[in-house]
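Student: Here you go, this is model02.cif (mmCIF, C-alpha atoms).
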data_run
#
loop_
_atom_site.group_PDB
_atom_site.id
_atom_site.type_symbol
_atom_site.label_atom_id
_atom_site.label_comp_id
_atom_site.auth_asym_id
_atom_site.auth_seq_id
_atom_site.Cartn_x
_atom_site.Cartn_y
_atom_site.Cartn_z
ATOM 1 C CA LEU A 6 -2.327 -10.816 -15.478
ATOM 2 C CA GLY A 7 -5.179 -9.378 -13.459
ATOM 3 C CA ILE A 8 -2.784 -7.856 -10.934
ATOM 4 C CA LEU A 9 -0.647 -6.439 -13.748
ATOM 5 C CA PHE A 10 -3.693 -4.909 -15.437
ATOM 6 C CA ALA A 11 -4.953 -3.440 -12.144
ATOM 7 C CA SER A 12 -1.503 -1.995 -11.431
ATOM 8 C CA LEU A 13 -1.356 -0.363 -14.850
ATOM 9 C CA CYS A 14 -4.815 1.134 -14.359
ATOM 10 C CA PHE A 15 -3.825 2.377 -10.901
ATOM 11 C CA GLY A 16 -0.670 3.923 -12.355
ATOM 12 C CA VAL A 17 -2.377 5.835 -15.172
ATOM 13 C CA LEU A 18 -5.207 7.082 -12.972
ATOM 14 C CA PRO A 19 -3.480 10.412 -12.166
ATOM 15 C CA TYR A 20 -3.092 11.255 -15.850
ATOM 16 C CA PHE A 21 -6.794 10.772 -16.513
ATOM 17 C CA ALA A 22 -7.694 12.740 -13.393
ATOM 18 C CA ARG A 23 -5.325 15.554 -14.392
ATOM 19 C CA GLY A 24 -6.814 15.682 -17.891
ATOM 20 C CA LEU A 25 -10.341 15.947 -16.526
ATOM 21 C CA ALA A 26 -9.279 18.592 -14.010
ATOM 22 C CA ASP A 27 -7.544 20.586 -16.756
ATOM 23 C CA GLN A 28 -10.807 20.524 -18.713
ATOM 24 C CA GLY A 29 -12.606 22.158 -15.793
ATOM 25 C CA MET A 30 -14.242 19.189 -14.073
ATOM 26 C CA PRO A 31 -14.370 19.782 -10.287
ATOM 27 C CA PRO A 32 -12.308 17.430 -8.083
ATOM 28 C CA HIS A 33 -15.344 16.044 -6.235
ATOM 29 C CA VAL A 34 -17.024 15.110 -9.532
ATOM 30 C CA ILE A 35 -13.885 13.296 -10.716
ATOM 31 C CA ALA A 36 -13.659 11.464 -7.395
ATOM 32 C CA PHE A 37 -17.351 10.542 -7.564
ATOM 33 C CA HIS A 38 -17.032 9.072 -11.035
ATOM 34 C CA ARG A 39 -13.941 7.097 -10.007
ATOM 35 C CA PHE A 40 -15.982 5.008 -7.578
ATOM 36 C CA THR A 41 -19.422 4.994 -9.214
ATOM 37 C CA LEU A 42 -19.028 2.069 -11.612
ATOM 38 C CA ALA A 43 -17.750 -0.315 -8.941
ATOM 39 C CA ALA A 44 -20.487 0.817 -6.546
ATOM 40 C CA VAL A 45 -23.267 0.284 -9.086
ATOM 41 C CA VAL A 46 -21.984 -3.072 -10.309
ATOM 42 C CA LEU A 47 -21.011 -4.565 -6.947
ATOM 43 C CA SER A 48 -23.512 -3.103 -4.453
ATOM 44 C CA PRO A 49 -26.129 -5.811 -5.118
ATOM 45 C CA LEU A 50 -23.661 -8.267 -3.554
ATOM 46 C CA LEU A 51 -24.272 -6.574 -0.204
ATOM 47 C CA ILE A 52 -27.813 -7.961 -0.163
ATOM 48 C CA ARG A 53 -26.425 -11.428 0.537
ATOM 49 C CA HIS A 54 -24.460 -9.976 3.468
ATOM 50 C CA ARG A 55 -27.204 -7.710 4.830
ATOM 51 C CA HIS A 56 -27.058 -9.442 8.213
ATOM 52 C CA LYS A 57 -23.416 -8.278 8.602
ATOM 53 C CA VAL A 58 -24.445 -4.695 9.233
ATOM 54 C CA ARG A 59 -21.444 -3.776 11.362
ATOM 55 C CA ALA A 60 -18.947 -4.839 8.687
ATOM 56 C CA ILE A 61 -20.913 -3.065 5.965
ATOM 57 C CA LEU A 62 -21.026 0.141 8.033
ATOM 58 C CA TRP A 63 -17.256 -0.031 8.549
ATOM 59 C CA GLY A 64 -16.850 -0.420 4.785
ATOM 60 C CA LEU A 65 -19.180 2.487 4.055
ATOM 61 C CA GLY A 66 -17.314 4.725 6.503
ATOM 62 C CA ALA A 67 -13.904 3.803 5.132
ATOM 63 C CA GLY A 68 -15.183 4.329 1.607
ATOM 64 C CA ALA A 69 -16.513 7.776 2.485
ATOM 65 C CA ALA A 70 -13.089 8.707 3.868
ATOM 66 C CA MET A 71 -11.404 7.420 0.722
ATOM 67 C CA GLY A 72 -13.774 9.311 -1.567
ATOM 68 C CA VAL A 73 -13.482 12.592 0.282
ATOM 69 C CA GLY A 74 -9.705 12.161 0.555
ATOM 70 C CA TRP A 75 -9.498 11.711 -3.183
ATOM 71 C CA ILE A 76 -10.831 15.252 -3.632
ATOM 72 C CA GLY A 77 -7.565 16.577 -2.175
ATOM 73 C CA TYR A 78 -5.583 14.390 -4.544
ATOM 74 C CA VAL A 79 -7.415 15.603 -7.643
ATOM 75 C CA ALA A 80 -7.279 19.213 -6.450
ATOM 76 C CA ALA A 81 -3.495 18.905 -6.039
ATOM 77 C CA LEU A 82 -3.176 17.593 -9.603
ATOM 78 C CA ARG A 83 -4.448 20.952 -10.851
ATOM 79 C CA SER A 84 -1.417 22.861 -9.619
ATOM 80 C CA ALA A 85 1.314 20.320 -8.859
ATOM 81 C CA PRO A 86 3.189 17.945 -11.155
ATOM 82 C CA VAL A 87 1.500 14.566 -11.609
ATOM 83 C CA ALA A 88 4.688 12.700 -10.687
ATOM 84 C CA LEU A 89 5.058 14.600 -7.436
ATOM 85 C CA VAL A 90 1.446 14.113 -6.375
ATOM 86 C CA GLY A 91 1.752 10.445 -7.359
ATOM 87 C CA VAL A 92 4.824 9.980 -5.174
ATOM 88 C CA LEU A 93 3.007 11.504 -2.218
ATOM 89 C CA TYR A 94 0.035 9.225 -2.864
ATOM 90 C CA MET A 95 2.388 6.275 -2.566
ATOM 91 C CA THR A 96 2.963 7.178 1.081
ATOM 92 C CA TYR A 97 -0.267 5.340 1.883
ATOM 93 C CA PRO A 98 1.615 2.380 3.486
ATOM 94 C CA VAL A 99 2.912 4.811 6.127
ATOM 95 C CA PHE A 100 -0.631 5.945 6.881
ATOM 96 C CA THR A 101 -1.814 2.335 6.865
ATOM 97 C CA LEU A 102 0.831 1.419 9.422
ATOM 98 C CA LEU A 103 -0.009 4.399 11.633
ATOM 99 C CA ILE A 104 -3.766 3.818 11.498
ATOM 100 C CA ALA A 105 -3.354 0.107 12.245
ATOM 101 C CA TRP A 106 -1.189 1.017 15.231
ATOM 102 C CA ILE A 107 -3.310 3.878 16.595
ATOM 103 C CA VAL A 108 -6.846 2.689 15.813
ATOM 104 C CA PHE A 109 -6.546 -1.099 15.763
ATOM 105 C CA ARG A 110 -3.678 -1.457 18.288
ATOM 106 C CA VAL A 111 -1.503 -3.487 15.907
ATOM 107 C CA LYS A 112 2.090 -2.902 16.924
ATOM 108 C CA PRO A 113 4.277 -2.417 13.823
ATOM 109 C CA SER A 114 7.253 -4.696 13.345
ATOM 110 C CA LEU A 115 10.769 -3.324 13.079
ATOM 111 C CA ARG A 116 10.754 -4.243 9.380
ATOM 112 C CA ALA A 117 7.514 -2.302 8.827
ATOM 113 C CA ILE A 118 8.921 0.747 10.614
ATOM 114 C CA GLY A 119 12.056 0.564 8.461
ATOM 115 C CA ALA A 120 9.969 0.325 5.291
ATOM 116 C CA ALA A 121 7.854 3.302 6.396
ATOM 117 C CA GLY A 122 11.045 5.257 6.998
ATOM 118 C CA LEU A 123 12.256 4.483 3.478
ATOM 119 C CA ILE A 124 8.931 5.656 2.050
ATOM 120 C CA ILE A 125 9.155 8.926 3.975
ATOM 121 C CA VAL A 126 12.742 9.489 2.800
ATOM 122 C CA ALA A 127 11.741 8.773 -0.822
ATOM 123 C CA ALA A 128 8.791 11.168 -0.595
ATOM 124 C CA PHE A 129 11.023 13.843 0.935
ATOM 125 C CA VAL A 130 13.662 13.413 -1.761
ATOM 126 C CA ALA A 131 11.028 13.597 -4.496
ATOM 127 C CA SER A 132 9.263 16.578 -2.968
ATOM 128 C CA GLY A 133 12.119 18.308 -1.165
ATOM 129 C CA PRO A 134 12.435 22.080 -0.853
ATOM 130 C CA ALA A 135 14.366 22.344 -4.129
ATOM 131 C CA THR A 136 11.499 20.677 -6.010
ATOM 132 C CA VAL A 137 8.531 22.242 -4.255
ATOM 133 C CA GLY A 138 7.794 25.915 -4.558
ATOM 134 C CA PRO A 139 5.611 27.695 -2.022
ATOM 135 C CA HIS A 140 2.816 27.996 -4.601
ATOM 136 C CA ILE A 141 2.199 24.219 -4.626
ATOM 137 C CA LEU A 142 2.982 23.381 -1.000
ATOM 138 C CA THR A 143 -0.647 23.769 0.101
ATOM 139 C CA ALA A 144 -1.828 21.569 -2.757
ATOM 140 C CA LEU A 145 0.689 18.876 -1.840
ATOM 141 C CA LEU A 146 -0.362 18.926 1.799
ATOM 142 C CA LEU A 147 -3.993 18.665 0.688
ATOM 143 C CA SER A 148 -3.088 15.708 -1.522
ATOM 144 C CA LEU A 149 -2.078 13.748 1.596
ATOM 145 C CA ALA A 150 -5.786 13.350 2.378
ATOM 146 C CA ALA A 151 -5.919 10.671 -0.320
ATOM 147 C CA PRO A 152 -3.220 8.344 1.088
ATOM 148 C CA LEU A 153 -4.682 8.935 4.546
ATOM 149 C CA GLY A 154 -8.117 7.821 3.334
ATOM 150 C CA PHE A 155 -6.593 4.916 1.411
ATOM 151 C CA GLY A 156 -4.628 3.849 4.495
ATOM 152 C CA LEU A 157 -7.842 3.877 6.519
ATOM 153 C CA GLY A 158 -9.556 1.867 3.795
ATOM 154 C CA ILE A 159 -6.820 -0.778 3.846
ATOM 155 C CA THR A 160 -6.864 -1.158 7.609
ATOM 156 C CA VAL A 161 -10.656 -1.435 7.665
ATOM 157 C CA LEU A 162 -10.516 -4.030 4.874
ATOM 158 C CA VAL A 163 -8.015 -6.066 6.866
ATOM 159 C CA TYR A 164 -9.389 -5.696 10.399
ATOM 160 C CA ARG A 165 -13.139 -5.087 10.069
ATOM 161 C CA LEU A 166 -14.401 -6.581 6.804
ATOM 162 C CA THR A 167 -13.122 -10.144 7.096
ATOM 163 C CA GLY A 168 -16.690 -11.442 7.387
ATOM 164 C CA LEU A 169 -17.496 -10.250 3.875
ATOM 165 C CA THR A 170 -16.427 -11.837 0.601
ATOM 166 C CA PRO A 171 -13.737 -9.888 -1.295
ATOM 167 C CA LEU A 172 -16.192 -8.468 -3.838
ATOM 168 C CA ALA A 173 -18.625 -7.493 -1.086
ATOM 169 C CA ARG A 174 -15.771 -5.656 0.644
ATOM 170 C CA ILE A 175 -15.094 -3.675 -2.527
ATOM 171 C CA ALA A 176 -18.830 -3.061 -2.867
ATOM 172 C CA ALA A 177 -19.107 -1.607 0.643
ATOM 173 C CA VAL A 178 -16.079 0.642 0.235
ATOM 174 C CA SER A 179 -17.086 1.816 -3.258
ATOM 175 C CA LEU A 180 -20.641 2.500 -2.146
ATOM 176 C CA GLY A 181 -19.310 4.394 0.864
ATOM 177 C CA SER A 182 -17.193 6.559 -1.434
ATOM 178 C CA VAL A 183 -20.185 7.351 -3.607
ATOM 179 C CA LEU A 184 -22.405 8.102 -0.610
ATOM 180 C CA GLY A 185 -19.702 10.253 0.995
ATOM 181 C CA LEU A 186 -19.377 12.331 -2.169
ATOM 182 C CA LEU A 187 -23.096 12.424 -2.956
ATOM 183 C CA PRO A 188 -23.868 15.628 -0.975
ATOM 184 C CA LEU A 189 -21.253 17.480 -3.038
ATOM 185 C CA ILE A 190 -22.626 16.015 -6.273
ATOM 186 C CA VAL A 191 -26.218 16.974 -5.436
ATOM 187 C CA THR A 192 -25.181 20.608 -4.933
ATOM 188 C CA ALA A 193 -23.035 20.761 -8.099
ATOM 189 C CA PRO A 194 -24.454 22.346 -11.264
ATOM 190 C CA PRO A 195 -25.661 19.645 -13.696
ATOM 191 C CA SER A 196 -23.281 20.911 -16.383
ATOM 192 C CA MET A 197 -20.329 20.024 -14.140
ATOM 193 C CA ILE A 198 -21.491 16.438 -13.677
#
Translate this file's structure into structure tokens.
Tutor:
Amino acid sequence: LGILFASLCFGVLPYFARGLADQGMPPHVIAFHRFTLAAVVLSPLLIRHRHKVRAILWGLGAGAAMGVGWIGYVAALRSAPVALVGVLYMTYPVFTLLIAWIVFRVKPSLRAIGAAGLIIVAAFVASGPATVGPHILTALLLSLAAPLGFGLGITVLVYRLTGLTPLARIAAVSLGSVLGLLPLIVTAPPSMI
């Protein structure tokens, strides 16, 4: 039931983000608020793991990449259809596979390569030239920052945060997202926040 609930929340996230963007909220503010609650609630768990500095730093870095990448996703929702941006977001397994291979030297299996190929074909079919006009192409390319950041986050969770408990892993990544977006929040007008 928990996985089902989380999946539903993950699935409706673009609609909430689009609604906030349509009301004039800047993408970096939406991204900041997405991660803030988890960071505030879970960050105290990092105190118990304070001696695992290296793992926490990996989590913070991956979280910062995820948070900043999410700005591109929200910005794309302003001008591109939600379904199309959502399909491109679901290319994150391809990025996960590539990052694991390039950064962590994990050779992908033939099955994983085949699955990545299917994801690329599905994304191309959904966002092919007939569907995508030149006016939204830039936004769609920018939206790929989110699955790239998410793919990095997954690989870091798997290969660098194993020494932390699952909730501490989420705490490190969420806190990293908030910290990565904080400079943009500090410079934003208070009315936008």
Student: List the neighbours of A:Pro188 out to 12 Å using all atoms listed in the file; skip same-chain residues closer than 3 positions along the sequence, and give me the result as an MDAnalysis selection string.
Tutor: chainID A and resid 33:34 37 69 72:73 182:185 191:193
Student: Please write the residues picked by the PyMOL selection byres ((chain A and resi 93) around 12) on this file as JSON, numbers by chain.
Tutor: {"A": [19, 77, 78, 81, 82, 85, 86, 87, 88, 89, 90, 91, 92, 94, 95, 96, 97, 98, 99, 100, 124, 125, 126, 127, 128, 129, 130, 131, 132, 133, 142, 144, 145, 146, 147, 148, 149, 150, 151, 152, 153]}
Student: Work out how far atom CA of A:Ile35 is from atom CA of A:Leu65, in Å to one decimal.
Tutor: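 Separation between atom CA of A:Leu65 and atom CA of A:Ile35: 19.1 Å.
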Student: Which of these, A:Ala44, A:Leu103, A:Val111, A:Ala120, has the shortest distance to A:Leu172 once you count all atoms listed in the file?
Tutor: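 Ranking A:Ala44, A:Leu103, A:Val111, A:Ala120 by distance to A:Leu172, first place goes to A:Ala44.
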Student: How many Å lie between atom CA of A:Thr160 and atom CA of A:Pro49, rounded to one decimal?
Tutor: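 Taking atom CA of A:Thr160 as the start and atom CA of A:Pro49 as the end point, the length is 23.6 Å.
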Student: With distances taken over only C-alpha atoms, which of A:Leu162, A:Leu186, A:His140, A:Ser48 is nearest to A:Ser84?
Tutor: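 Checking each of A:Leu162, A:Leu186, A:His140, A:Ser48 against A:Ser84, counting only C-alpha atoms, the winner is A:His140.
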Student: Which residue out of A:Ala36, A:Pro31, A:Ala11, A:Val108 has the minimum interatomic distance to A:Leu187 when all atoms listed in the file are used?
Tutor: A:Ala36
Student: May I have the residues within 9 Å of A:Leu47 as a PDB file with C-alpha atoms, in the frame of the given file, using only C-alpha atoms and disregarding those fewer than 3 positions away in the same chain?
Tutor:
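Below is the file that was written, part-v8.pdb:
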ATOM      1  CA  LEU A  42     -19.028   2.069 -11.612  1.00  0.00           C
ATOM      2  CA  ALA A  43     -17.750  -0.315  -8.941  1.00  0.00           C
ATOM      3  CA  ALA A  44     -20.487   0.817  -6.546  1.00  0.00           C
ATOM      4  CA  LEU A  50     -23.661  -8.267  -3.554  1.00  0.00           C
ATOM      5  CA  LEU A  51     -24.272  -6.574  -0.204  1.00  0.00           C
ATOM      6  CA  LEU A 172     -16.192  -8.468  -3.838  1.00  0.00           C
ATOM      7  CA  ALA A 173     -18.625  -7.493  -1.086  1.00  0.00           C
ATOM      8  CA  ILE A 175     -15.094  -3.675  -2.527  1.00  0.00           C
ATOM      9  CA  ALA A 176     -18.830  -3.061  -2.867  1.00  0.00           C
ATOM     10  CA  ALA A 177     -19.107  -1.607   0.643  1.00  0.00           C
ATOM     11  CA  SER A 179     -17.086   1.816  -3.258  1.00  0.00           C
ATOM     12  CA  LEU A 180     -20.641   2.500  -2.146  1.00  0.00           C
TER      13      LEU A 180
END
Student: Just so the selection is clear, what residues does the PyMOL selection byres ((chain A and resi 158) around 10) cover here, as a VMD selection string?
Tutor: chain A and resid 63 to 71 101 104 152 to 157 159 to 163 178
Student: Any idea what the distance is between atom CA of A:Leu189 and atom CA of A:Arg39?
Tutor: 14.5 Å
Student: Which one is closest to A:Thr41: A:Tyr164, A:Arg83, A:Ile190, A:Pro195? Count all atoms listed in the file.
Tutor: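 Using all atoms listed in the file, the shortest distance to A:Thr41 belongs to A:Ile190.
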Student: Return the single residue from A:Ala117, A:Leu169, A:Leu13, A:Ala80 that is closest to A:His56, with distances computed using only C-alpha atoms.
Tutor: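 Looking at the shortest contact to A:His56, the residue is A:Leu169.
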Student: First collect every listed atom of stretch 41-45 of chain A; then fit an axis-aligned box around them, widen it by 3 Å on each side, and give centre and edge lengths in Å to one decimal, as AutoDock Vina command-line options.
Tutor:
--center_x -20.5 --center_y 2.3 --center_z -9.1 --size_x 11.5 --size_y 11.3 --size_z 11.1
Student: Can you work out which one of A:Phe40, A:Gly122, A:Leu166, A:Pro171 has the shortest atom-to-atom distance to A:Leu62, counting only C-alpha atoms?
Tutor: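 Of A:Phe40, A:Gly122, A:Leu166, A:Pro171, the one nearest A:Leu62 is A:Leu166, counting only C-alpha atoms.
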